[in-house]
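Here is the file entry-v6.tsv (TSV, C-alpha atoms).
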chain	number	residue	atom	x	y	z
A	101	MET	CA	59.96	127.02	89.95
A	102	ALA	CA	58.46	128.86	86.97
A	103	SER	CA	60.74	129.55	84.03
A	104	LYS	CA	62.18	133.09	84.01
A	105	ASP	CA	61.61	135.33	81.02
A	106	TYR	CA	65.11	136.66	80.42
A	107	TYR	CA	63.98	138.76	77.46
A	108	ASN	CA	61.40	140.49	79.63
A	109	ILE	CA	63.97	141.03	82.39
A	110	LEU	CA	66.23	142.90	79.95
A	111	GLY	CA	63.29	144.59	78.24
A	112	VAL	CA	64.16	143.35	74.74
A	113	ALA	CA	62.29	141.42	72.06
A	114	ARG	CA	62.99	137.71	71.48
A	115	GLU	CA	64.54	138.58	68.11
A	116	ALA	CA	66.85	141.22	69.67
A	117	THR	CA	70.37	141.40	68.26
A	118	PRO	CA	73.42	140.76	70.48
A	119	GLU	CA	74.17	144.49	70.36
A	120	GLN	CA	70.65	145.35	71.56
A	121	ILE	CA	70.95	142.83	74.38
A	122	LYS	CA	74.31	144.25	75.44
A	123	LYS	CA	72.99	147.81	75.38
A	124	ALA	CA	69.96	146.88	77.49
A	125	TYR	CA	72.18	145.03	79.97
A	126	TYR	CA	74.57	147.95	80.42
A	127	LYS	CA	71.66	150.31	81.05
A	128	LEU	CA	69.95	148.10	83.63
A	129	ALA	CA	73.19	147.04	85.36
A	130	HIS	CA	74.04	150.70	85.84
A	131	GLU	CA	70.54	151.44	87.14
A	132	TYR	CA	70.39	148.58	89.66
A	133	HIS	CA	74.02	148.41	90.80
A	134	PRO	CA	73.97	147.91	94.60
A	135	ASP	CA	76.54	150.64	95.20
A	136	LYS	CA	74.37	153.28	93.51
A	137	LYS	CA	71.75	155.26	95.36
A	138	GLY	CA	68.46	153.47	94.86
A	139	GLY	CA	70.22	150.35	93.60
A	140	ASP	CA	68.67	146.89	93.90
A	141	GLU	CA	71.01	143.93	94.44
A	142	ALA	CA	68.32	141.35	93.64
A	143	LYS	CA	67.45	143.07	90.37
A	144	PHE	CA	71.14	143.51	89.59
A	145	LYS	CA	71.74	139.76	89.93
A	146	GLU	CA	68.65	138.96	87.89
A	147	VAL	CA	69.77	141.26	85.07
A	148	ASN	CA	73.23	139.70	85.04
A	149	GLU	CA	71.77	136.21	85.04
A	150	ALA	CA	69.66	137.09	82.00
A	151	TYR	CA	72.62	138.63	80.21
A	152	GLN	CA	74.93	135.68	80.88
A	153	VAL	CA	72.47	133.44	79.07
A	154	LEU	CA	71.28	135.68	76.22
A	155	SER	CA	74.77	136.95	75.38
A	156	ASN	CA	75.97	133.37	74.82
A	157	LYS	CA	74.91	131.95	71.46
A	158	GLU	CA	74.67	128.31	72.60
A	159	LYS	CA	72.99	129.09	75.95
A	160	ARG	CA	70.52	131.41	74.26
A	161	ALA	CA	69.54	128.71	71.77
A	162	GLN	CA	69.02	126.21	74.60
A	163	TYR	CA	67.06	128.77	76.60
A	164	ASP	CA	64.83	129.54	73.62
A	165	ARG	CA	64.07	125.82	73.39
A	166	PHE	CA	63.77	124.79	77.03
A	167	GLY	CA	63.37	128.03	79.00
A	168	SER	CA	65.46	128.92	82.06
A	169	ASP	CA	65.24	125.30	83.30
A	170	PHE	CA	67.63	124.22	80.54
A	171	LYS	CA	70.50	124.30	83.05
A	172	ASN	CA	68.90	121.50	85.01
A	173	ALA	CA	69.31	119.28	81.97
A	174	GLY	CA	73.07	119.61	82.13
A	175	ALA	CA	73.28	122.45	79.68
A	176	GLY	CA	75.83	124.24	81.77
A	177	GLY	CA	73.53	127.22	82.06
A	178	PHE	CA	73.97	130.21	84.26
A	179	ASN	CA	72.46	129.61	87.70
A	180	GLY	CA	73.27	132.85	89.40
A	181	THR	CA	75.68	131.23	91.88
A	182	ASN	CA	78.85	130.89	89.84
A	183	VAL	CA	79.77	134.58	89.92
A	184	ASN	CA	81.00	136.60	92.85
A	185	TRP	CA	78.90	139.74	92.51
A	186	GLU	CA	81.22	141.65	94.78
A	187	ASP	CA	83.83	141.46	92.01
A	188	PHE	CA	81.99	144.28	90.27
A	189	THR	CA	83.01	146.70	93.00
A	190	SER	CA	85.89	145.13	94.86
A	191	GLY	CA	88.57	143.85	92.52
A	192	PHE	CA	91.36	141.42	93.18
A	193	GLY	CA	93.91	142.30	95.77
A	194	GLY	CA	91.62	144.81	97.48
A	195	GLN	CA	91.68	147.19	94.52
A	196	ASP	CA	88.33	148.92	93.97
A	197	ILE	CA	86.80	148.39	90.56
A	198	ASN	CA	84.04	150.64	89.27
A	199	LEU	CA	81.39	149.05	87.11
A	200	GLU	CA	81.68	151.91	84.63
A	201	ASP	CA	85.43	151.23	84.36
A	202	ILE	CA	84.69	147.64	83.37
A	203	PHE	CA	82.30	148.79	80.68
A	204	ASP	CA	84.81	151.38	79.44
A	205	MET	CA	87.33	148.59	78.92
A	206	PHE	CA	85.09	147.16	76.24
A	207	GLY	CA	85.18	150.42	74.30
A	208	GLY	CA	81.79	151.81	75.22
A	209	GLY	CA	79.96	151.66	78.49
A	210	PHE	CA	78.15	154.56	79.89
A	211	ARG	CA	80.32	157.33	78.55
A	212	GLY	CA	81.16	155.80	75.17
A	213	SER	CA	84.54	155.30	73.58
A	214	ALA	CA	84.65	158.77	72.01
A	215	ARG	CA	85.15	161.45	74.61
A	216	LYS	CA	83.85	164.93	74.02
A	217	ASP	CA	85.97	168.01	74.40
A	218	ASN	CA	85.55	168.79	78.09
A	219	LYS	CA	86.90	172.31	77.58
A	220	ARG	CA	84.19	173.42	75.16
A	221	GLY	CA	81.51	175.67	76.61
A	222	ARG	CA	77.91	174.53	76.80
A	223	ASP	CA	75.36	175.39	74.14
A	224	LEU	CA	72.58	177.57	75.55
A	225	GLU	CA	68.98	178.13	74.52
A	226	VAL	CA	66.80	181.14	75.24
A	227	SER	CA	63.45	182.30	73.93
A	228	VAL	CA	62.16	185.71	72.87
A	229	SER	CA	58.61	186.87	72.19
A	230	ILE	CA	57.93	189.43	69.47
A	231	SER	CA	54.80	191.02	68.04
A	232	LEU	CA	53.23	189.93	64.77
A	233	GLU	CA	53.79	193.41	63.33
A	234	SER	CA	57.52	193.16	63.93
A	235	VAL	CA	57.98	190.26	61.52
A	236	LEU	CA	57.27	192.59	58.61
A	237	LYS	CA	60.89	193.73	58.62
A	238	ASP	CA	64.32	192.85	60.03
A	239	GLN	CA	64.80	193.81	63.64
A	240	VAL	CA	67.37	193.65	66.41
A	241	GLU	CA	66.44	192.45	69.89
A	242	LYS	CA	68.67	192.78	72.95
A	243	ILE	CA	68.49	190.12	75.63
A	244	LYS	CA	70.29	189.64	78.92
A	245	ILE	CA	71.42	186.16	79.91
A	246	ASN	CA	73.58	184.68	82.65
A	247	LYS	CA	76.42	182.68	81.15
A	248	PHE	CA	80.10	181.88	81.51
A	249	CYS	CA	82.24	184.63	79.99
A	250	ALA	CA	85.99	184.90	79.53
A	251	CYS	CA	87.81	185.94	82.69
A	252	GLU	CA	89.00	189.49	82.09
A	253	LYS	CA	92.02	189.14	84.36
A	254	CYS	CA	93.62	186.14	82.67
A	255	SER	CA	91.93	186.54	79.25
A	256	GLY	CA	90.63	183.00	79.49
A	257	SER	CA	93.99	181.28	80.02
A	258	GLY	CA	93.29	180.26	83.62
A	259	ARG	CA	96.71	181.31	84.87
A	260	GLU	CA	97.75	184.36	86.83
A	261	PRO	CA	99.03	187.11	84.51
A	262	GLY	CA	102.83	187.12	84.32
A	263	THR	CA	103.13	183.40	85.10
A	264	SER	CA	103.72	180.51	82.73
A	265	VAL	CA	102.70	176.88	82.48
A	266	LYS	CA	104.73	173.80	83.24
A	267	GLN	CA	104.61	170.21	82.08
A	268	CYS	CA	102.34	167.96	84.09
A	269	SER	CA	104.47	165.57	86.10
A	270	THR	CA	101.70	162.97	86.37
A	271	CYS	CA	101.31	162.27	82.65
A	272	GLY	CA	104.65	163.65	81.42
A	273	GLY	CA	102.89	166.08	79.11
A	274	SER	CA	100.83	163.50	77.21
A	275	GLY	CA	97.54	164.33	78.90
A	276	LYS	CA	96.86	160.61	79.37
A	277	VAL	CA	97.63	158.07	82.05
A	278	ARG	CA	97.67	154.28	81.66
A	279	GLU	CA	96.17	152.01	84.27
A	280	ILE	CA	96.02	148.25	84.66
A	281	LYS	CA	92.81	146.98	86.19
A	282	ARG	CA	92.45	143.48	87.58
A	283	THR	CA	88.86	142.26	87.41
A	284	MET	CA	86.97	139.01	87.51
A	285	LEU	CA	87.27	139.02	83.71
A	286	GLY	CA	91.06	139.35	83.77
A	287	ASP	CA	93.58	142.18	83.53
A	288	PHE	CA	92.70	145.16	81.37
A	289	ALA	CA	94.87	148.08	80.28
A	290	GLN	CA	93.10	151.39	80.27
A	291	THR	CA	94.12	154.84	79.03
A	292	LYS	CA	92.41	157.70	80.81
A	293	THR	CA	92.53	161.46	80.81
A	294	CYS	CA	95.09	162.68	83.29
A	295	PRO	CA	93.26	163.68	86.48
A	296	ASP	CA	95.76	166.43	87.33
A	297	CYS	CA	95.94	168.39	84.08
A	298	GLY	CA	92.60	167.40	82.61
A	299	GLY	CA	94.23	166.08	79.43
A	300	GLU	CA	96.12	169.27	78.60
A	301	GLY	CA	99.59	167.97	79.40
A	302	SER	CA	100.47	171.14	81.27
A	303	ILE	CA	99.39	172.98	84.38
A	304	PRO	CA	99.74	176.66	85.32
A	305	GLU	CA	102.45	177.63	87.77
A	306	LYS	CA	99.83	179.75	89.49
A	307	LYS	CA	96.09	179.71	88.92
A	308	CYS	CA	94.26	182.94	88.21
A	309	SER	CA	93.01	184.39	91.48
A	310	VAL	CA	89.71	185.51	89.93
A	311	CYS	CA	88.55	182.40	88.05
A	312	ASN	CA	90.62	179.83	90.03
A	313	GLY	CA	92.17	178.45	86.86
A	314	GLU	CA	88.91	177.98	84.93
A	315	GLY	CA	89.53	180.86	82.55
A	316	ARG	CA	85.93	181.99	82.83
A	317	ILE	CA	83.47	183.51	85.25
A	318	GLU	CA	79.68	183.56	85.35
A	319	LYS	CA	78.01	186.90	84.81
A	320	GLN	CA	75.19	188.62	82.97
A	321	GLU	CA	75.80	189.60	79.37
A	322	THR	CA	73.71	191.61	76.90
A	323	ILE	CA	73.51	190.01	73.46
A	324	GLU	CA	72.06	191.49	70.28
A	325	ILE	CA	69.96	189.16	68.15
A	326	ARG	CA	69.11	189.96	64.53
A	327	ILE	CA	65.66	188.58	63.80
A	328	PRO	CA	65.04	188.29	60.05
A	329	GLU	CA	61.94	189.53	58.26
A	330	GLY	CA	59.22	186.91	57.87
A	331	ILE	CA	60.34	184.65	60.73
A	332	ASP	CA	57.64	182.32	62.04
A	333	THR	CA	56.87	181.20	65.57
A	334	ASP	CA	58.99	178.41	67.09
A	335	GLN	CA	61.83	178.98	64.63
A	336	VAL	CA	65.36	178.92	66.04
A	337	ILE	CA	68.23	181.29	65.34
A	338	LYS	CA	71.77	180.01	65.96
A	339	LEU	CA	74.43	182.40	67.23
A	340	LYS	CA	77.76	180.64	66.94
A	341	GLY	CA	80.15	181.17	69.84
A	342	LYS	CA	77.60	183.05	71.97
A	343	GLY	CA	77.03	180.22	74.44
A	344	ASP	CA	79.15	179.52	77.50
A	345	PHE	CA	82.83	180.43	77.15
A	346	GLY	CA	85.03	177.32	77.20
A	347	ARG	CA	87.22	176.26	80.11
A	348	LYS	CA	90.82	177.46	79.96
A	349	GLY	CA	90.40	179.10	76.58
A	350	GLY	CA	88.39	176.25	75.08
A	351	GLU	CA	85.91	176.78	72.27
A	352	ALA	CA	82.76	178.65	73.23
A	353	GLY	CA	79.39	176.97	72.89
A	354	ASP	CA	76.60	178.27	70.67
A	355	LEU	CA	73.45	180.16	71.59
A	356	TYR	CA	70.11	179.04	70.19
A	357	VAL	CA	67.32	181.61	70.24
A	358	ARG	CA	63.79	180.25	69.88
A	359	VAL	CA	61.35	182.88	68.61
A	360	PHE	CA	57.71	183.01	69.65
A	361	ILE	CA	55.21	185.39	68.06
A	362	LYS	CA	52.50	186.88	70.25
A	363	GLU	CA	48.85	186.53	69.29
A	364	HIS	CA	47.33	189.54	67.52
A	365	PRO	CA	43.84	190.76	68.46
A	366	VAL	CA	42.78	191.13	64.79
A	367	PHE	CA	45.02	189.09	62.51
A	368	LYS	CA	45.74	185.37	62.56
A	369	ARG	CA	48.75	184.01	60.73
A	370	GLU	CA	48.93	180.78	58.72
A	371	GLY	CA	52.26	180.45	57.00
A	372	ASP	CA	52.79	183.72	55.13
A	373	ASN	CA	49.07	184.53	54.84
A	374	LEU	CA	46.98	186.62	57.23
A	375	PHE	CA	43.33	186.09	58.12
A	376	MET	CA	40.85	188.45	59.72
A	377	GLU	CA	37.11	188.80	60.28
A	378	LEU	CA	35.20	191.89	59.11
A	379	PRO	CA	31.72	192.52	60.56
A	380	ILE	CA	29.26	194.12	58.12
A	381	THR	CA	25.62	195.19	58.43
A	382	ILE	CA	22.68	193.58	56.68
A	383	SER	CA	22.33	196.59	54.40
A	384	GLN	CA	26.02	196.39	53.44
A	385	ALA	CA	25.61	192.69	52.71
A	386	VAL	CA	22.58	193.35	50.50
A	387	LEU	CA	23.63	196.53	48.71
A	388	GLY	CA	27.43	196.24	48.82
A	389	ASP	CA	29.83	198.88	50.07
A	390	LYS	CA	33.41	200.08	50.37
A	391	ILE	CA	34.89	199.74	53.85
A	392	LYS	CA	38.12	201.24	55.10
A	393	ILE	CA	40.30	198.86	57.13
A	394	GLU	CA	43.77	199.04	58.64
A	395	THR	CA	46.36	196.47	57.54
A	396	LEU	CA	48.97	194.87	59.76
A	397	GLU	CA	51.50	197.54	58.75
A	398	LYS	CA	49.02	200.27	59.86
A	399	LYS	CA	48.10	201.32	56.34
A	400	GLN	CA	44.53	202.30	55.44
A	401	ILE	CA	43.00	200.46	52.47
A	402	PHE	CA	39.47	200.15	51.06
A	403	VAL	CA	37.80	196.77	50.75
A	404	LYS	CA	34.97	196.44	48.23
A	405	ILE	CA	32.00	194.48	49.56
A	406	PRO	CA	30.00	192.98	46.67
A	407	SER	CA	26.22	193.20	46.74
A	408	SER	CA	24.09	190.25	47.87
A	409	VAL	CA	27.06	188.76	49.73
A	410	GLN	CA	26.58	185.93	52.20
A	411	SER	CA	28.00	185.76	55.71
A	412	GLY	CA	31.21	183.74	55.65
A	413	LYS	CA	32.29	184.97	52.24
A	414	VAL	CA	36.09	185.36	52.09
A	415	LEU	CA	37.72	188.19	50.14
A	416	LYS	CA	41.38	188.14	49.11
A	417	VAL	CA	43.69	191.13	49.17
A	418	SER	CA	46.95	190.23	47.44
A	419	LYS	CA	50.37	190.88	48.94
A	420	ARG	CA	49.12	192.16	52.31
A	421	GLY	CA	50.40	189.18	54.27
A	422	ILE	CA	53.87	188.30	55.59
A	423	SER	CA	57.07	188.32	53.52
A	424	HIS	CA	58.10	184.89	52.27
A	425	SER	CA	61.68	186.03	52.74
A	426	PRO	CA	63.44	189.27	51.75
A	427	GLY	CA	63.07	189.85	48.01
A	428	PHE	CA	60.72	186.92	47.37
A	429	GLY	CA	57.27	188.48	47.66
A	430	ARG	CA	54.58	188.40	50.33
A	431	GLY	CA	51.62	186.33	51.34
A	432	ASP	CA	48.03	187.48	51.04
A	433	LEU	CA	45.35	188.86	53.36
A	434	TYR	CA	42.06	186.95	53.56
A	435	ILE	CA	39.02	188.75	54.96
A	436	GLU	CA	36.00	186.77	56.14
A	437	LEU	CA	32.77	188.80	56.06
A	438	ILE	CA	30.52	188.34	59.07
A	439	VAL	CA	26.98	189.71	58.67
A	440	LYS	CA	25.84	191.17	61.99
A	441	THR	CA	22.29	190.69	63.23
A	442	PRO	CA	20.98	194.06	64.49
A	443	GLN	CA	19.93	194.37	68.12
A	444	ASN	CA	17.82	196.88	70.09
A	445	LEU	CA	15.83	197.96	67.02
A	446	THR	CA	13.57	201.01	67.15
A	447	ARG	CA	9.86	200.65	66.36
A	448	GLU	CA	10.37	202.12	62.91
A	449	GLN	CA	13.18	199.67	62.18
A	450	LYS	CA	11.07	196.75	63.34
A	451	GLU	CA	8.22	197.90	61.10
A	452	LEU	CA	10.65	198.07	58.18
A	453	PHE	CA	11.88	194.52	58.76
A	454	THR	CA	8.29	193.34	59.16
A	455	LYS	CA	7.48	194.80	55.78
A	456	LEU	CA	10.53	193.16	54.21
A	457	LYS	CA	9.52	189.87	55.80
A	458	LYS	CA	6.07	190.08	54.21
A	459	GLU	CA	7.77	190.57	50.89
A	460	GLY	CA	9.86	187.46	51.44
A	461	LEU	CA	13.15	189.26	52.13

So, in terms of structure tokens, how does the structure I just supplied come out?
Amino acid sequence: MASKDYYNILGVAREATPEQIKKAYYKLAHEYHPDKKGGDEAKFKEVNEAYQVLSNKEKRAQYDRFGSDFKNAGAGGFNGTNVNWEDFTSGFGGQDINLEDIFDMFGGGFRGSARKDNKRGRDLEVSVSISLESVLKDQVEKIKINKFCACEKCSGSGREPGTSVKQCSTCGGSGKVREIKRTMLGDFAQTKTCPDCGGEGSIPEKKCSVCNGEGRIEKQETIEIRIPEGIDTDQVIKLKGKGDFGRKGGEAGDLYVRVFIKEHPVFKREGDNLFMELPITISQAVLGDKIKIETLEKKQIFVKIPSSVQSGKVLKVSKRGISHSPGFGRGDLYIELIVKTPQNLTREQKELFTKLKKEGL
């Protein structure tokens, strides 16, 4: 039988640290566990076999030297038959053991040892599109979003108005319950969030009839967003506390507003500078001229075209771009001159150009 590549099975490099090996094992064991939808018992056993060897310093050294056949040389290696795989789901004495519970006992696992506040509302993200002209000054946009808001009847408490709360009898007010799990690895003591009170230590005498004790309901809300002058596309504005309202009066999440700026038919933006193309005639290119144009803020200005200018020449108009930020100046406007070739000439015009051609112009 060909030697198995345990490193490849776990998807780690040969120089992987013990922590990297453990992390890869947890991920794959969770993915292939036979009790999960789409699980694969054969893969699950293979992953565990690889981990049993690579997580043991002596066995890993022997494996690195001899390959997976090292166990045949009396190395005491892992052969995939000395573990009852059912122990991962059916503990001793008929008590069900969840694989995630086993991992939690080691202070990590799938959920990690540090639990997040399960009462805090979710952070939300929305996007708004604004015109290029609008970034020239501060503005306020109103958006409508569906989110969890505080229940008006119970003011977010989750209990029926006029009623009080009582101590949770399951955890005695601590919000935690202690369990002893018997597994193939021995007995483990575990402290978990109380399933009845959700870690609060108390429960309402009567849940709010509108929100069913959640303290919040889902509805549409109109929110005003102040968009600062000079904002650029794909920038994000954070509105603290404007996300989902928390459960049972918990902290509200934040709202992140991603701003996108619509394309302008004339002006292109690069940083705080603006760029545009200005078509001119051959005579304007040769003799020069003054041309009236409209800036982004709808103001009329004159642009001086120098004589004998070439197509592609770029002129700069200072401080006609976008504000760096309020009180810190503006970018510039760059105008690229495009000399137009005339079409549909009259006979007289053609004769004129023929004459100029003969003169080398």

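Residue nearest Ile323 of chain A within the list A:Lys292, A:Lys450, A:Arg282, A:Lys247: A:Lys247 [criterion: smallest interatomic distance, only C-alpha atoms].
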
### Task
Grab the atom CA of Ile331 of chain A to atom CA of Lys416 of chain A distance for me, in Å with one decimal place.
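For atom CA of Ile331 of chain A relative to atom CA of Lys416 of chain A, the distance reads 22.5 Å.
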
Considering all atoms listed in the file, return as a compact mmCIF listing (two decimals) with C-alpha atoms, keeping the file's coordinate frame whatever protein or nucleic-acid residues lie within 7 Å of Gln335 of chain A, sequence-local ones (same chain, fewer than 3 positions apart) excluded.
# COMPACT_ATOMS: atom_id res chain seq x y z
CA ASP A 332 57.64 182.32 62.04
CA ARG A 358 63.79 180.25 69.88
CA VAL A 359 61.35 182.88 68.61

### Task
Considering only C-alpha atoms, return as a PyMOL selection string whatever protein or nucleic-acid residues lie within 7 Å of segment 272-275 of chain A, sequence-local ones (same chain, fewer than 3 positions apart) excluded.
chain A and resi 267-269+293-294+297-302

### Task
For atom CA of Thr322 of chain A and atom CA of Ser309 of chain A, quote the distance in Å rounded to one decimal.
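A separation of 25.2 Å between them.
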
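Taking atom CA of Arg220 of chain A and atom CA of Gly346 of chain A as the two end points, the separation is 4.5 Å.
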
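Counting all atoms listed in the file, Lys404 of chain A has the following residues at most 10 Å away, ignoring those fewer than 4 positions along the same chain: Gly388, Asp389, Lys390, Ile391, Lys392 and Leu415 of chain A.
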
### Task
List the neighbours of segment 122-137 of chain A out to 7 Å using all atoms listed in the file; skip same-chain residues closer than 2 positions along the sequence, and give me the result as a PyMOL selection string.
chain A and resi 110+118-120+139-141+143-144+147+151+209
